[in-house]
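**Student:** One file is attached below, query.txt, containing compact mmCIF, C-alpha atoms and all ligand atoms.
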```
# COMPACT_ATOMS: atom_id res chain seq x y z
CA MET T 247 71.23 173.15 143.51
CA PRO T 248 71.43 176.55 141.72
CA ASN T 249 68.45 178.89 141.97
CA ARG T 250 65.50 178.31 139.70
CA LYS T 251 65.56 180.68 136.74
CA ARG T 252 62.90 183.36 136.91
CA ILE T 253 60.70 183.24 133.83
CA ALA T 254 58.34 185.80 132.31
CA ILE T 255 55.94 184.82 129.55
CA LEU T 256 54.54 187.36 127.10
CA ILE T 257 51.27 186.60 125.34
CA SER T 258 48.57 188.22 123.25
CA GLY T 259 45.99 185.45 122.92
CA ARG T 260 44.84 182.00 124.00
CA GLY T 261 48.15 181.07 125.57
CA SER T 262 48.34 177.34 124.94
CA ASN T 263 52.15 177.47 124.81
CA MET T 264 52.14 179.56 127.99
CA VAL T 265 49.96 177.01 129.82
CA ASN T 266 52.24 174.28 128.60
CA LEU T 267 55.31 176.09 129.98
CA LEU T 268 53.61 176.83 133.31
CA ASP T 269 52.61 173.20 133.67
CA ALA T 270 56.13 172.04 132.81
CA CYS T 271 57.46 174.29 135.61
CA SER T 272 54.89 172.84 138.03
CA ASN T 273 55.59 169.22 137.19
CA GLY T 274 59.35 169.70 137.41
CA SER T 275 60.27 169.19 133.77
CA ILE T 276 61.46 172.81 133.72
CA TYR T 277 63.63 173.91 136.64
CA GLY T 278 62.22 177.44 136.56
CA ARG T 279 59.84 179.73 138.39
CA PRO T 280 57.23 181.59 136.33
CA VAL T 281 57.10 185.05 137.93
CA VAL T 282 54.78 186.96 135.62
CA VAL T 283 52.62 186.61 132.52
CA ILE T 284 52.27 189.86 130.59
CA SER T 285 49.73 190.49 127.85
CA ASN T 286 49.42 193.48 125.57
CA LYS T 287 45.72 192.62 125.20
CA ALA T 288 43.36 192.89 128.17
CA LYS T 289 41.09 190.24 126.66
CA ALA T 290 43.76 187.61 126.06
CA ALA T 291 42.24 184.29 127.16
CA GLY T 292 45.62 183.19 128.46
CA LEU T 293 45.51 185.70 131.33
CA GLN T 294 42.85 183.81 133.22
CA LYS T 295 44.62 180.51 132.66
CA ALA T 296 47.79 182.00 134.18
CA ALA T 297 45.87 183.44 137.14
CA GLU T 298 44.21 180.05 137.75
CA ARG T 299 47.70 178.62 138.01
CA GLY T 300 48.66 181.19 140.63
CA VAL T 301 50.97 183.24 138.42
CA GLU T 302 50.97 187.04 138.56
CA THR T 303 49.40 188.59 135.46
CA LEU T 304 49.90 192.05 134.07
CA VAL T 305 48.16 193.81 131.20
CA MET T 306 50.29 196.37 129.38
CA ARG T 307 48.34 197.79 126.48
CA HIS T 308 50.58 199.20 123.78
CA ARG T 309 48.09 201.92 122.92
CA ASP T 310 48.59 203.43 126.39
CA TYR T 311 52.13 204.40 125.34
CA ASP T 312 53.25 207.11 122.92
CA SER T 313 55.78 205.02 121.00
CA ARG T 314 57.10 201.51 120.59
CA GLU T 315 60.24 202.55 122.51
CA ASP T 316 58.20 203.89 125.42
CA TYR T 317 56.23 200.68 125.57
CA ASP T 318 59.35 198.54 125.42
CA LYS T 319 61.07 200.64 128.10
CA ALA T 320 58.09 200.10 130.40
CA LEU T 321 58.21 196.37 129.68
CA VAL T 322 61.93 196.27 130.48
CA GLN T 323 61.26 198.05 133.76
CA GLU T 324 58.55 195.57 134.79
CA LEU T 325 60.76 192.62 133.90
CA ARG T 326 63.84 194.02 135.64
CA SER T 327 61.86 194.80 138.78
CA ARG T 328 60.98 191.10 138.94
CA ASP T 329 64.57 190.06 138.34
CA VAL T 330 63.63 187.97 135.33
CA ASP T 331 66.27 185.63 133.82
CA LEU T 332 64.33 184.48 130.76
CA ILE T 333 61.53 185.98 128.71
CA CYS T 334 59.43 183.58 126.68
CA LEU T 335 57.37 185.00 123.86
CA ALA T 336 54.33 182.78 123.39
CA GLY T 337 52.09 184.23 120.74
CA PHE T 338 53.07 187.79 121.68
CA MET T 339 52.00 189.75 118.62
CA ARG T 340 54.38 192.68 118.92
CA LEU T 341 57.67 193.49 117.28
CA LEU T 342 60.24 194.29 119.94
CA SER T 343 62.53 197.27 119.47
CA PRO T 344 66.31 197.27 120.07
CA VAL T 345 65.60 198.91 123.47
CA PHE T 346 64.06 195.64 124.60
CA ILE T 347 66.35 193.23 122.76
CA HIS T 348 69.54 194.88 124.04
CA ALA T 349 68.28 194.74 127.62
CA PHE T 350 68.00 190.93 127.46
CA VAL T 351 70.47 189.63 124.87
CA ASN T 352 70.13 185.86 124.43
CA ARG T 353 67.54 185.81 127.19
CA ILE T 354 64.44 186.20 125.01
CA MET T 355 63.01 183.09 123.35
CA ASN T 356 60.27 182.72 120.79
CA ILE T 357 58.38 179.80 119.30
CA HIS T 358 57.56 180.03 115.62
CA PRO T 359 55.23 177.61 113.80
CA SER T 360 57.50 176.76 110.86
CA LEU T 361 60.96 175.46 110.14
CA LEU T 362 62.73 178.82 109.99
CA PRO T 363 64.00 180.42 107.82
CA ALA T 364 60.99 179.15 105.86
CA PHE T 365 57.77 181.07 106.37
CA PRO T 366 58.69 183.85 108.79
CA GLY T 367 56.09 186.39 109.87
CA LEU T 368 52.38 186.02 110.39
CA ASP T 369 50.30 182.92 109.63
CA ALA T 370 53.23 180.60 109.02
CA GLN T 371 50.96 177.55 109.07
CA GLU T 372 48.74 179.06 106.37
CA GLN T 373 51.81 180.03 104.38
CA ALA T 374 53.01 176.41 104.54
CA PHE T 375 49.64 174.99 103.51
CA ASP T 376 49.18 177.47 100.67
CA TYR T 377 52.73 176.87 99.40
CA GLY T 378 52.06 173.13 99.35
CA VAL T 379 55.10 172.00 101.31
CA LYS T 380 55.05 168.39 102.46
CA VAL T 381 56.97 169.01 105.67
CA SER T 382 56.76 171.90 108.11
CA GLY T 383 57.41 172.12 111.84
CA ALA T 384 58.29 174.41 114.70
CA THR T 385 61.33 176.43 115.72
CA VAL T 386 62.39 177.74 119.12
CA HIS T 387 64.93 180.54 118.76
CA PHE T 388 66.51 183.40 120.61
CA VAL T 389 65.12 186.76 119.58
CA ASP T 390 67.22 189.44 117.94
CA GLU T 391 66.31 192.75 116.27
CA HIS T 392 64.98 191.09 113.15
CA LEU T 393 61.73 189.23 112.71
CA ASP T 394 61.94 185.47 113.38
CA ASN T 395 65.67 185.63 112.81
CA GLY T 396 67.68 184.93 115.98
CA PRO T 397 69.88 181.87 116.72
CA ILE T 398 67.94 178.62 116.52
CA ILE T 399 67.76 176.49 119.66
CA LEU T 400 65.53 173.57 118.60
CA GLN T 401 63.58 172.57 115.54
CA LYS T 402 61.34 169.64 114.78
CA ALA T 403 59.69 168.68 111.52
CA VAL T 404 56.23 167.25 110.96
CA ASP T 405 54.74 165.64 107.87
CA ILE T 406 51.82 167.71 106.63
CA SER T 407 51.52 166.08 103.22
CA ASP T 408 48.08 164.63 103.98
CA CYS T 409 46.62 167.78 105.57
CA THR T 410 43.54 169.04 103.80
CA SER T 411 43.12 172.41 105.56
CA ARG T 412 45.09 175.21 107.15
CA GLU T 413 43.53 174.28 110.51
CA GLU T 414 44.81 170.74 110.24
CA VAL T 415 48.31 172.06 109.56
CA SER T 416 48.05 174.40 112.56
CA ASP T 417 46.92 171.59 114.88
CA ARG T 418 49.71 169.31 113.76
CA ILE T 419 52.34 172.01 114.23
CA LEU T 420 50.91 173.08 117.60
CA ALA T 421 51.46 169.56 118.95
CA ILE T 422 55.13 169.91 117.96
CA GLU T 423 55.33 173.38 119.54
CA HIS T 424 54.08 171.98 122.83
CA GLU T 425 56.82 169.35 122.73
CA LEU T 426 59.64 171.67 121.76
CA TYR T 427 59.18 174.85 123.81
CA PRO T 428 59.40 173.24 127.26
CA GLN T 429 62.49 171.32 126.13
CA ALA T 430 64.26 174.52 125.06
CA VAL T 431 63.26 176.39 128.21
CA ALA T 432 64.42 173.47 130.36
CA MET T 433 67.81 173.58 128.63
CA PHE T 434 68.12 177.30 129.34
CA CYS T 435 67.15 176.79 132.97
CA ASP T 436 69.79 174.07 133.31
CA ASP T 437 72.45 176.41 131.81
CA ARG T 438 72.90 174.11 128.83
CA LEU T 439 72.64 176.69 126.04
CA ASP T 440 75.74 178.31 124.69
CA VAL T 441 75.29 180.89 121.93
CA ASP T 442 78.14 181.20 119.44
CA PHE T 443 77.06 183.85 116.91
CA ARG T 444 74.22 182.11 115.00
CA ARG T 445 74.88 178.68 116.45
CA VAL T 446 73.35 177.52 119.72
CA ASN T 447 75.41 174.70 121.19
CA ILE T 448 73.56 172.42 123.56
CA LYS T 449 75.73 171.16 126.37
CA PRO T 450 75.21 167.59 127.59
CA ILE T 451 73.35 166.99 130.83
CA ASN T 452 75.75 167.15 133.82
C1 LIG V 1 51.65 179.67 118.19
O1 LIG V 1 51.37 179.03 116.98
C2 LIG V 1 53.07 180.19 118.20
O2 LIG V 1 53.93 179.40 117.46
C3 LIG V 1 52.90 181.53 117.54
O3 LIG V 1 51.69 182.02 118.03
C4 LIG V 1 50.84 180.93 118.37
C5 LIG V 1 50.40 181.14 119.78
O4 LIG V 1 49.50 180.18 120.22
N1 LIG V 1 54.04 182.36 117.84
P1 LIG V 1 49.17 180.04 121.76
O5 LIG V 1 48.63 181.40 122.20
O6 LIG V 1 50.42 179.68 122.46
O7 LIG V 1 48.11 178.98 121.85
```
Starting from the file, lay out its structure as structure tokens.
**Tutor:**
Amino acid sequence: MPNRKRIAILISGRGSNMVNLLDACSNGSIYGRPVVVISNKAKAAGLQKAAERGVETLVMRHRDYDSREDYDKALVQELRSRDVDLICLAGFMRLLSPVFIHAFVNRIMNIHPSLLPAFPGLDAQEQAFDYGVKVSGATVHFVDEHLDNGPIILQKAVDISDCTSREEVSDRILAIEHELYPQAVAMFCDDRLDVDFRRVNIKPIN
């Protein structure tokens, strides 16, 4: 058996996707080892949930650094010192600079609550509801220098045509997120993802 991939998860808030990934590592559906959860917010509710699951937590507040680059360099250092293979953004509300992206090319994943390229940026679920689309969904993608833009790993659609509020849309999409993110991370950990420019080819299970 190859070594388990070492995973870092970056959060800013409640961390439901983070918990879901940690639990998938514990129950064996992801062949990975979560080595650290980092939050840019000291009050992120997800921190305690990670600690309860025995995972190291680290608070790195962006306002303690002079610039975005300084912050990202410090992040890179923390991640490198833990020999991290994969970085999962899970509600991490920070744009990452090229300093960070270039340090971990095709090793940073993000989950976005829409079918990209529709509704990038903040509040994608609200954008979908307000636009009146009948179908939305979730996207797991690799992260590049541009917002919600990198090569797409997995997407799944959900019917939101009968939703009567933004919250209802969010809940329906969150259920899809919790399905999709562990699947994508498991594929990475099993060395099944092959990035060819914008296309992510998924290799069959050995
Ligand atoms: C999720 O909707 C995710 O798609 C977006 O931020 C939200 C984070 O939620 N990037 P949680 O903290 O994982 O519960």
**Student:** Between CA of Arg412 in chain T and CA of Ala374 in chain T, what distance in Å does the model show, to one decimal?
**Tutor:**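 We find that CA of Arg412 in chain T and CA of Ala374 in chain T lie 8.4 Å from each other.
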**Student:** Between T:Ile354, T:Val415, T:Ala370, T:Val301, single out the one closest to Phe434 in chain T, counting only C-alpha atoms.
**Tutor:** T:Ile354
**Student:** So that each row is one residue of chain T with an atom at most 8 Å from ligand LIG 1 (chain V), can you give its shortest atom pair and the distance in Å to one decimal, using all atoms listed in the file, rows by chain and rising number, as CSV?
**Tutor:**
```
residue,atom,partner,partner_atom,distance
T:Ile257,CA,V:LIG1,O5,6.6
T:Ser258,CA,V:LIG1,O5,6.9
T:Gly259,CA,V:LIG1,O5,4.9
T:Arg260,CA,V:LIG1,O5,4.2
T:Gly261,CA,V:LIG1,O5,3.4
T:Ser262,CA,V:LIG1,O7,3.5
T:Asn263,CA,V:LIG1,O6,3.7
T:Met264,CA,V:LIG1,O6,5.8
T:Val265,CA,V:LIG1,O6,7.8
T:Gly292,CA,V:LIG1,O5,7.2
T:Leu335,CA,V:LIG1,N1,7.4
T:Ala336,CA,V:LIG1,O6,5.1
T:Gly337,CA,V:LIG1,O3,3.5
T:Phe338,CA,V:LIG1,N1,6.7
T:Met339,CA,V:LIG1,N1,7.7
T:Asn356,CA,V:LIG1,N1,6.9
T:Ile357,CA,V:LIG1,O2,4.8
T:His358,CA,V:LIG1,O2,4.1
T:Pro359,CA,V:LIG1,O2,4.3
T:Ser360,CA,V:LIG1,O2,8.0
T:Ala384,CA,V:LIG1,O2,7.2
T:Ser416,CA,V:LIG1,O1,7.2
T:Ile419,CA,V:LIG1,O1,7.6
T:Leu420,CA,V:LIG1,O1,6.0
T:Glu423,CA,V:LIG1,O2,6.5
```
**Student:** Mind writing the picked residues with C-alpha atoms as a compact mmCIF listing (two decimals), in the coordinates of the input?
**Tutor:**
```
# COMPACT_ATOMS: atom_id res chain seq x y z
CA ILE T 257 51.27 186.60 125.34
CA SER T 258 48.57 188.22 123.25
CA GLY T 259 45.99 185.45 122.92
CA ARG T 260 44.84 182.00 124.00
CA GLY T 261 48.15 181.07 125.57
CA SER T 262 48.34 177.34 124.94
CA ASN T 263 52.15 177.47 124.81
CA MET T 264 52.14 179.56 127.99
CA VAL T 265 49.96 177.01 129.82
CA GLY T 292 45.62 183.19 128.46
CA LEU T 335 57.37 185.00 123.86
CA ALA T 336 54.33 182.78 123.39
CA GLY T 337 52.09 184.23 120.74
CA PHE T 338 53.07 187.79 121.68
CA MET T 339 52.00 189.75 118.62
CA ASN T 356 60.27 182.72 120.79
CA ILE T 357 58.38 179.80 119.30
CA HIS T 358 57.56 180.03 115.62
CA PRO T 359 55.23 177.61 113.80
CA SER T 360 57.50 176.76 110.86
CA ALA T 384 58.29 174.41 114.70
CA SER T 416 48.05 174.40 112.56
CA ILE T 419 52.34 172.01 114.23
CA LEU T 420 50.91 173.08 117.60
CA GLU T 423 55.33 173.38 119.54
```
**Student:** One number please: CA of Ala364 in chain T to CA of Ala254 in chain T, in Å, one decimal.
**Tutor:** 27.4 Å
**Student:** Considering only C-alpha atoms, can you say which of T:Gly383, T:Gly274, T:Pro450, T:Pro428 comes closest to Val404 in chain T?
**Tutor:** T:Gly383
**Student:** Enter the distance from CA of Val330 in chain T to CA of Arg252 in chain T, in Å, rounded to one decimal.
**Tutor:**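 Distance between the two atoms: 4.9 Å.
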**Student:** Nearest to Lys295 in chain T among T:Glu315, T:Leu268, T:Pro363, T:Glu324, with distances taken over only C-alpha atoms: which residue is it?
**Tutor:**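 Result for the nearest residue to Lys295 in chain T: T:Leu268.
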**Student:** Give me the residues within 9 Å of range 269-272 of chain T as a ChimeraX atom specification, counting all atoms listed in the file and dropping any in the same chain fewer than 5 places off.
**Tutor:** /T:264,277-280,299,428,432
**Student:** Convert the current residue selection to file output with C-alpha atoms, as a tab-separated table (two decimals), in the frame of the given file.
**Tutor:**
```
chain	number	residue	atom	x	y	z
T	264	MET	CA	52.14	179.56	127.99
T	277	TYR	CA	63.63	173.91	136.64
T	278	GLY	CA	62.22	177.44	136.56
T	279	ARG	CA	59.84	179.73	138.39
T	280	PRO	CA	57.23	181.59	136.33
T	299	ARG	CA	47.70	178.62	138.01
T	428	PRO	CA	59.40	173.24	127.26
T	432	ALA	CA	64.42	173.47	130.36
```
**Student:** May I have the residues within 8 Å of Leu439 in chain T as a list of chain:residue names, using all atoms listed in the file and disregarding those fewer than 3 positions away in the same chain?
**Tutor:**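 Here the qualifying residues turn out to be T:Met433, T:Phe434, T:Val446, T:Asn447, T:Ile448, T:Lys449.
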**Student:** Here is a test: counting only C-alpha atoms, which residue of T:Leu267, T:Ala297, T:Leu361, T:Val351 is nearest to Tyr427 in chain T?
**Tutor:**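 Using only C-alpha atoms, the shortest distance to Tyr427 in chain T belongs to T:Leu267.
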**Student:** For each of T:Met306, T:Cys409, T:Val389, T:Lys287, take the minimum atom-to-atom distance to Ile333 in chain T, counting all atoms listed in the file, then give the residue where this is smallest.
**Tutor:** T:Val389
**Student:** I need the residue nearest Gly367 in chain T from this list: T:Asn352, T:Ser285, T:Thr303, T:Asn395. Use all atoms listed in the file for the distance.
**Tutor:**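 With all atoms listed in the file as the atom set, the closest residue is T:Asn395.
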**Student:** May I have the centre and edge lengths, in Å to one decimal, of an axis-aligned box around the listed atoms of range 277-290 of chain T with 6 Å added to every side, as AutoDock Vina command-line options?
**Tutor:**
```
--center_x 52.4 --center_y 183.7 --center_z 131.8 --size_x 34.5 --size_y 31.6 --size_z 25.2
```
**Student:** Quick one: range 275-382 of chain T from the block, C-alpha atoms, as a CSV table (one decimal), in the first residue's frame.
**Tutor:**
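Result written to decode-v8.csv:
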```csv
chain,number,residue,atom,x,y,z
T,275,SER,CA,-13.6,6.3,2.4
T,276,ILE,CA,-10.7,8.6,1.9
T,277,TYR,CA,-7.2,7.0,2.0
T,278,GLY,CA,-5.7,10.1,3.6
T,279,ARG,CA,-4.4,11.6,6.8
T,280,PRO,CA,-5.7,15.0,7.9
T,281,VAL,CA,-2.6,16.7,9.4
T,282,VAL,CA,-3.8,20.2,10.1
T,283,VAL,CA,-6.9,22.4,9.9
T,284,ILE,CA,-6.0,26.1,9.4
T,285,SER,CA,-8.4,29.0,9.9
T,286,ASN,CA,-7.9,32.6,9.2
T,287,LYS,CA,-10.5,33.4,11.8
T,288,ALA,CA,-10.0,32.6,15.5
T,289,LYS,CA,-13.7,32.3,16.0
T,290,ALA,CA,-14.4,29.8,13.2
T,291,ALA,CA,-16.7,27.2,14.7
T,292,GLY,CA,-15.0,24.5,12.6
T,293,LEU,CA,-11.8,24.7,14.7
T,294,GLN,CA,-13.4,23.1,17.7
T,295,LYS,CA,-14.9,20.4,15.6
T,296,ALA,CA,-11.5,19.6,14.2
T,297,ALA,CA,-9.9,19.5,17.6
T,298,GLU,CA,-12.6,17.2,18.9
T,299,ARG,CA,-11.6,14.8,16.1
T,300,GLY,CA,-8.0,14.9,17.2
T,301,VAL,CA,-6.7,17.0,14.3
T,302,GLU,CA,-4.1,19.7,14.9
T,303,THR,CA,-5.6,23.2,14.5
T,304,LEU,CA,-3.9,26.4,13.7
T,305,VAL,CA,-5.2,30.0,13.6
T,306,MET,CA,-3.4,32.3,11.1
T,307,ARG,CA,-5.1,35.7,11.1
T,308,HIS,CA,-4.5,37.6,7.9
T,309,ARG,CA,-4.5,40.9,9.7
T,310,ASP,CA,-1.3,39.8,11.6
T,311,TYR,CA,0.6,40.0,8.2
T,312,ASP,CA,1.6,43.1,6.2
T,313,SER,CA,0.5,41.9,2.8
T,314,ARG,CA,-1.4,39.1,1.1
T,315,GLU,CA,2.0,37.7,-0.1
T,316,ASP,CA,3.4,37.7,3.4
T,317,TYR,CA,0.4,35.8,4.7
T,318,ASP,CA,0.5,33.3,1.8
T,319,LYS,CA,4.2,32.8,2.3
T,320,ALA,CA,3.6,32.0,6.0
T,321,LEU,CA,0.8,29.6,5.0
T,322,VAL,CA,3.1,27.8,2.5
T,323,GLN,CA,5.8,27.5,5.2
T,324,GLU,CA,3.3,25.9,7.7
T,325,LEU,CA,2.0,23.5,5.0
T,326,ARG,CA,5.5,22.5,3.8
T,327,SER,CA,6.7,21.9,7.3
T,328,ARG,CA,3.9,19.3,7.7
T,329,ASP,CA,4.8,17.8,4.3
T,330,VAL,CA,1.3,18.3,3.0
T,331,ASP,CA,0.3,16.6,-0.3
T,332,LEU,CA,-3.2,18.1,-0.7
T,333,ILE,CA,-4.8,21.3,0.5
T,334,CYS,CA,-8.6,21.4,0.6
T,335,LEU,CA,-10.3,24.8,0.8
T,336,ALA,CA,-13.5,24.3,2.6
T,337,GLY,CA,-15.2,27.7,3.0
T,338,PHE,CA,-11.9,29.5,3.2
T,339,MET,CA,-12.8,33.1,2.5
T,340,ARG,CA,-9.5,34.3,1.2
T,341,LEU,CA,-8.2,34.8,-2.3
T,342,LEU,CA,-4.8,33.1,-2.7
T,343,SER,CA,-2.0,34.8,-4.4
T,344,PRO,CA,0.3,33.3,-7.0
T,345,VAL,CA,2.9,32.7,-4.2
T,346,PHE,CA,0.6,30.1,-2.8
T,347,ILE,CA,-0.8,28.7,-6.0
T,348,HIS,CA,2.6,28.1,-7.5
T,349,ALA,CA,3.8,26.3,-4.4
T,350,PHE,CA,1.1,23.7,-4.8
T,351,VAL,CA,0.1,23.4,-8.4
T,352,ASN,CA,-2.8,21.0,-8.9
T,353,ARG,CA,-2.6,20.2,-5.2
T,354,ILE,CA,-5.2,22.7,-4.0
T,355,MET,CA,-8.9,21.8,-4.2
T,356,ASN,CA,-11.9,23.9,-3.6
T,357,ILE,CA,-15.7,23.2,-3.4
T,358,HIS,CA,-18.0,25.8,-4.9
T,359,PRO,CA,-21.7,25.8,-4.4
T,360,SER,CA,-22.8,26.2,-8.1
T,361,LEU,CA,-22.2,24.5,-11.4
T,362,LEU,CA,-19.2,26.5,-12.5
T,363,PRO,CA,-18.7,28.6,-14.6
T,364,ALA,CA,-22.1,29.7,-13.5
T,365,PHE,CA,-22.3,31.9,-10.4
T,366,PRO,CA,-18.6,32.3,-9.4
T,367,GLY,CA,-17.7,34.4,-6.4
T,368,LEU,CA,-19.6,35.0,-3.2
T,369,ASP,CA,-23.1,33.8,-2.3
T,370,ALA,CA,-23.5,31.5,-5.3
T,371,GLN,CA,-26.6,29.9,-3.9
T,372,GLU,CA,-28.3,33.3,-3.5
T,373,GLN,CA,-27.1,34.2,-7.0
T,374,ALA,CA,-28.8,31.0,-8.3
T,375,PHE,CA,-32.0,31.7,-6.5
T,376,ASP,CA,-32.2,35.3,-7.5
T,377,TYR,CA,-31.5,34.5,-11.1
T,378,GLY,CA,-34.3,31.9,-11.1
T,379,VAL,CA,-32.4,29.0,-12.5
T,380,LYS,CA,-34.1,25.6,-12.2
T,381,VAL,CA,-31.0,23.6,-11.7
T,382,SER,CA,-27.8,24.4,-9.7
```
